[in-house]
>>> print(open('data-v7.txt').read())   # compact mmCIF, C-alpha atoms
# COMPACT_ATOMS: atom_id res chain seq x y z
CA MET P 28 104.98 101.40 115.22
CA ILE P 29 108.28 99.75 114.32
CA LEU P 30 111.28 101.46 115.89
CA LEU P 31 114.34 101.14 113.67
CA ILE P 32 117.50 101.77 115.69
CA ASP P 33 120.08 103.30 113.36
CA HIS P 34 123.81 102.60 113.52
CA GLN P 35 124.58 105.22 110.87
CA ASP P 36 124.65 102.72 108.06
CA SER P 37 124.06 103.46 104.38
CA PHE P 38 121.43 100.70 104.23
CA THR P 39 119.22 102.13 106.97
CA ARG P 40 117.00 104.12 104.60
CA ASN P 41 116.54 101.13 102.30
CA LEU P 42 115.56 99.07 105.31
CA GLU P 43 113.18 101.81 106.42
CA HIS P 44 111.51 101.68 103.01
CA LEU P 45 111.05 97.91 103.25
CA LEU P 46 109.65 98.02 106.80
CA ALA P 47 107.29 100.88 105.95
CA GLY P 48 105.26 98.42 103.90
CA PHE P 49 104.23 96.69 107.13
CA ASP P 50 103.69 99.41 109.73
CA GLU P 51 104.44 102.99 110.67
CA ILE P 52 108.21 103.26 110.96
CA HIS P 53 110.30 105.58 113.11
CA VAL P 54 114.11 105.78 112.69
CA VAL P 55 116.27 106.95 115.58
CA ASP P 56 120.01 107.00 116.26
CA ARG P 57 121.01 104.45 118.90
CA LYS P 58 122.30 107.28 121.13
CA LYS P 59 118.93 109.04 121.08
CA VAL P 60 116.60 106.18 121.98
CA SER P 61 114.34 107.10 124.91
CA HIS P 62 112.26 104.89 127.16
CA GLU P 63 109.14 106.75 126.03
CA LEU P 64 109.90 106.11 122.37
CA VAL P 65 110.33 102.38 122.91
CA GLU P 66 107.14 102.31 124.98
CA CYS P 67 105.26 103.65 121.93
CA SER P 68 106.70 100.91 119.71
CA ASN P 69 105.56 97.37 119.15
CA MET P 70 108.74 96.05 117.53
CA LEU P 71 112.44 96.95 117.59
CA VAL P 72 114.72 96.49 114.60
CA LEU P 73 118.48 96.76 115.06
CA SER P 74 119.96 98.06 111.81
CA PRO P 75 123.15 97.06 110.03
CA GLY P 76 126.21 99.16 110.74
CA PRO P 77 130.00 99.38 110.49
CA GLY P 78 132.34 97.79 113.02
CA SER P 79 131.42 95.17 115.58
CA PRO P 80 128.78 94.90 118.32
CA ALA P 81 131.40 95.95 120.87
CA ASP P 82 131.38 99.40 119.26
CA TYR P 83 127.73 99.95 120.26
CA PRO P 84 127.29 99.78 124.05
CA GLU P 85 124.13 101.89 123.78
CA THR P 86 122.46 99.27 121.60
CA GLN P 87 123.65 96.48 123.88
CA ALA P 88 121.96 98.24 126.79
CA ILE P 89 118.75 98.72 124.79
CA TYR P 90 118.72 95.04 123.89
CA ASP P 91 119.34 93.91 127.46
CA LYS P 92 116.55 96.13 128.77
CA TRP P 93 113.86 95.23 126.24
CA ARG P 94 114.65 91.60 125.45
CA GLY P 95 111.52 89.54 126.02
CA LYS P 96 109.32 92.63 126.32
CA LEU P 97 109.10 93.50 122.62
CA PRO P 98 109.76 91.54 119.44
CA ILE P 99 113.30 92.32 118.26
CA LEU P 100 114.78 91.78 114.80
CA GLY P 101 118.52 92.17 114.25
CA ILE P 102 119.96 92.59 110.78
CA CYS P 103 123.66 92.09 109.97
CA LEU P 104 125.31 94.00 112.85
CA GLY P 105 122.07 93.62 114.81
CA PHE P 106 122.11 89.87 114.17
CA GLN P 107 125.65 89.61 115.54
CA LEU P 108 124.87 91.83 118.52
CA ILE P 109 121.93 89.70 119.62
CA LEU P 110 123.80 86.43 119.32
CA GLU P 111 126.83 87.80 121.13
CA ARG P 112 124.63 89.04 124.00
CA GLU P 113 123.07 85.56 124.12
CA GLY P 114 126.46 83.84 124.46
CA ALA P 115 127.86 83.27 120.96
CA ARG P 116 131.31 84.41 119.83
CA ILE P 117 132.22 86.65 116.89
CA THR P 118 135.22 86.01 114.66
CA ARG P 119 136.64 87.58 111.52
CA GLN P 120 135.93 85.81 108.24
CA SER P 121 138.73 84.65 106.01
CA ARG P 122 136.92 86.34 103.13
CA VAL P 123 135.22 89.73 103.30
CA LEU P 124 131.81 89.63 101.64
CA HIS P 125 130.71 93.05 100.44
CA GLY P 126 127.79 93.21 98.07
CA VAL P 127 127.96 89.51 97.30
CA GLY P 128 124.95 87.36 96.52
CA THR P 129 125.24 83.79 97.79
CA ASP P 130 122.92 80.84 98.23
CA ILE P 131 122.26 79.81 101.83
CA SER P 132 120.51 76.76 103.21
CA VAL P 133 117.36 77.55 105.20
CA ASP P 134 114.80 75.57 107.15
CA PRO P 135 111.37 75.93 105.49
CA SER P 136 109.75 74.43 108.59
CA SER P 137 110.81 77.51 110.56
CA THR P 138 108.61 80.56 111.02
CA THR P 139 111.11 82.82 109.26
CA TYR P 140 111.09 80.78 106.06
CA ASN P 141 107.49 79.61 106.10
CA GLY P 142 106.28 79.01 102.55
CA MET P 143 109.77 79.19 101.06
CA SER P 144 112.19 76.66 99.60
CA ASP P 145 115.25 75.31 101.41
CA VAL P 146 117.72 77.44 99.41
CA LEU P 147 117.63 81.22 99.33
CA ARG P 148 119.73 83.77 97.45
CA VAL P 149 120.75 86.56 99.82
CA ALA P 150 122.86 89.74 99.87
CA ARG P 151 125.86 89.63 102.19
CA TYR P 152 127.88 92.59 103.43
CA HIS P 153 130.01 91.43 106.35
CA SER P 154 133.59 90.77 107.38
CA LEU P 155 132.67 89.31 110.78
CA GLN P 156 130.71 86.15 111.49
CA ILE P 157 129.34 84.10 114.34
CA ASP P 158 131.72 81.27 115.20
CA PRO P 159 129.73 78.05 114.64
CA SER P 160 131.62 76.33 117.46
CA SER P 161 130.13 78.82 119.96
CA LEU P 162 126.50 77.97 119.16
CA PRO P 163 126.10 75.41 122.00
CA ALA P 164 126.38 78.34 124.44
CA LEU P 165 123.11 79.82 123.18
CA PRO P 166 119.77 79.27 124.97
CA PRO P 167 117.99 76.12 123.77
CA SER P 168 114.96 78.15 122.65
CA LEU P 169 117.13 80.07 120.17
CA ARG P 170 117.07 78.11 116.91
CA MET P 171 119.37 78.54 113.93
CA THR P 172 117.19 78.64 110.82
CA GLY P 173 119.75 79.29 108.08
CA HIS P 174 123.44 78.78 107.41
CA ASP P 175 126.13 79.03 104.76
CA PRO P 176 126.32 75.51 103.32
CA ILE P 177 130.09 75.79 102.73
CA GLY P 178 131.40 76.91 106.10
CA GLY P 179 128.34 76.30 108.27
CA VAL P 180 128.29 79.97 109.27
CA PRO P 181 124.96 80.95 110.89
CA MET P 182 122.82 83.15 108.64
CA SER P 183 119.57 83.46 110.60
CA PHE P 184 117.87 82.52 113.84
CA GLU P 185 114.58 82.74 115.67
CA ASP P 186 113.49 82.42 119.27
CA LEU P 187 109.70 82.25 119.29
CA ASP P 188 109.51 82.22 123.08
CA SER P 189 111.21 85.62 123.36
CA LYS P 190 110.20 86.92 119.91
CA LEU P 191 113.80 87.32 118.77
CA PHE P 192 114.75 87.13 115.10
CA GLY P 193 117.98 87.71 113.24
CA LEU P 194 119.30 87.84 109.68
CA GLN P 195 123.02 88.06 108.94
CA TYR P 196 122.19 89.15 105.40
CA HIS P 197 120.30 92.18 104.06
CA PRO P 198 116.60 91.55 103.26
CA GLU P 199 116.26 95.09 101.88
CA SER P 200 118.81 94.49 99.11
CA PHE P 201 117.73 93.63 95.57
CA LEU P 202 120.23 90.76 95.78
CA THR P 203 118.06 89.06 98.41
CA LEU P 204 115.17 87.19 96.87
CA SER P 205 111.89 87.22 98.81
CA GLY P 206 112.93 90.02 101.20
CA ASN P 207 109.32 91.14 101.58
CA GLN P 208 108.14 87.65 102.44
CA LEU P 209 110.88 87.30 105.05
CA ILE P 210 109.77 90.46 106.83
CA GLU P 211 106.12 89.49 106.51
CA ASN P 212 106.82 86.09 108.10
CA ILE P 213 108.74 87.66 110.97
CA ARG P 214 106.15 90.38 111.45
CA ASN P 215 103.32 87.84 111.54
CA ALA P 216 105.24 85.75 114.08
CA SER P 217 105.50 88.83 116.29
CA LEU P 218 101.73 89.27 116.45
CA ASP P 219 99.59 87.84 119.21
CA ASP P 220 96.12 86.36 118.75
CA SER P 221 94.56 89.82 118.77
CA GLY P 222 96.67 90.90 115.81
CA LYS P 223 98.98 93.11 117.85
CA THR P 224 102.64 92.66 118.60
CA ARG P 225 103.24 91.40 122.09
CA LYS P 226 104.42 93.77 124.80
CA SER P 227 105.08 92.50 128.29
CA SER P 228 104.61 94.63 131.38
>>> encode(input="data-v7.txt", output="structure tokens")
Amino acid sequence: MILLIDHQDSFTRNLEHLLAGFDEIHVVDRKKVSHELVECSNMLVLSPGPGSPADYPETQAIYDKWRGKLPILGICLGFQLILEREGARITRQSRVLHGVGTDISVDPSSTTYNGMSDVLRVARYHSLQIDPSSLPALPPSLRMTGHDPIGGVPMSFEDLDSKLFGLQYHPESFLTLSGNQLIENIRNASLDDSGKTRKSS
């Protein structure tokens, strides 16, 4: 089961629909997540949401507790929350991007973009960004896999050692091309040799 942690965002149900094509999906508000519910899950997805990661201490605590024990995917707000917890810094963009489709540069040698080209059209809905100058503070196993070619703003990452993945953009939007393939790649990377997602004791 995929546990989708909801930050009361209008895109949560669209994301639920996309994820439901890959596994049973359960949506729960970040204030109502229980240990038992996470124990029954084999992947956590941190949804988009308004505001900044600092507004969601409950999700920060969930991430800190389960990091390295379950595969975790962060989308938009979730992407920023993971990177901030790992040592990066968040800043405000000079231009708010709301419902804008842009081309980003991606690394087709990465797991996230396996089988894809090096340019991807994606849907962006964010006013905050990860400061590129703060990236050296991140763990060496955490690899940036996509960026905005104009400003160098990080757009995606993966850490295969800890099974962490993040997308600054919205894979569930019709403006993002190959959203299903992105989730399939990430889901496959979260599986162990037995075909199950890894869970540490």
>>> atom_distance(input="data-v7.txt", atom1="atom CA of P:Asp36", atom2="atom CA of P:Gly76")
4.7 Å
>>> atom_distance(input="data-v7.txt", atom1="atom CA of P:Ser154", atom2="atom CA of P:Pro77")
9.8 Å
>>> closest_residue(input="data-v7.txt", among="P:Ser200, P:Thr118, P:Gln156, P:Thr139", to="P:Met171", atoms="only C-alpha atoms")
P:Thr139
>>> closest_residue(input="data-v7.txt", among="P:Gly95, P:Gly114, P:Pro135, P:Pro181", to="P:Pro166", atoms="only C-alpha atoms")
P:Gly114
>>> atom_distance(input="data-v7.txt", atom1="atom CA of P:Lys96", atom2="atom CA of P:Val60")
16.0 Å
>>> closest_residue(input="data-v7.txt", among="P:Leu110, P:Ser121, P:Glu185, P:Ser160", to="P:Ser136", atoms="all atoms listed in the file")
P:Glu185
>>> closest_residue(input="data-v7.txt", among="P:Ala216, P:Cys103, P:Ala115, P:Leu71", to="P:Gln195", atoms="all atoms listed in the file")
P:Cys103
>>> closest_residue(input="data-v7.txt", among="P:Leu162, P:Ala150, P:His174, P:Leu187", to="P:Leu204", atoms="all atoms listed in the file")
P:Ala150
>>> closest_residue(input="data-v7.txt", among="P:Glu211, P:Asp56, P:Glu113, P:Asp50", to="P:Leu73", atoms="only C-alpha atoms")
P:Asp56
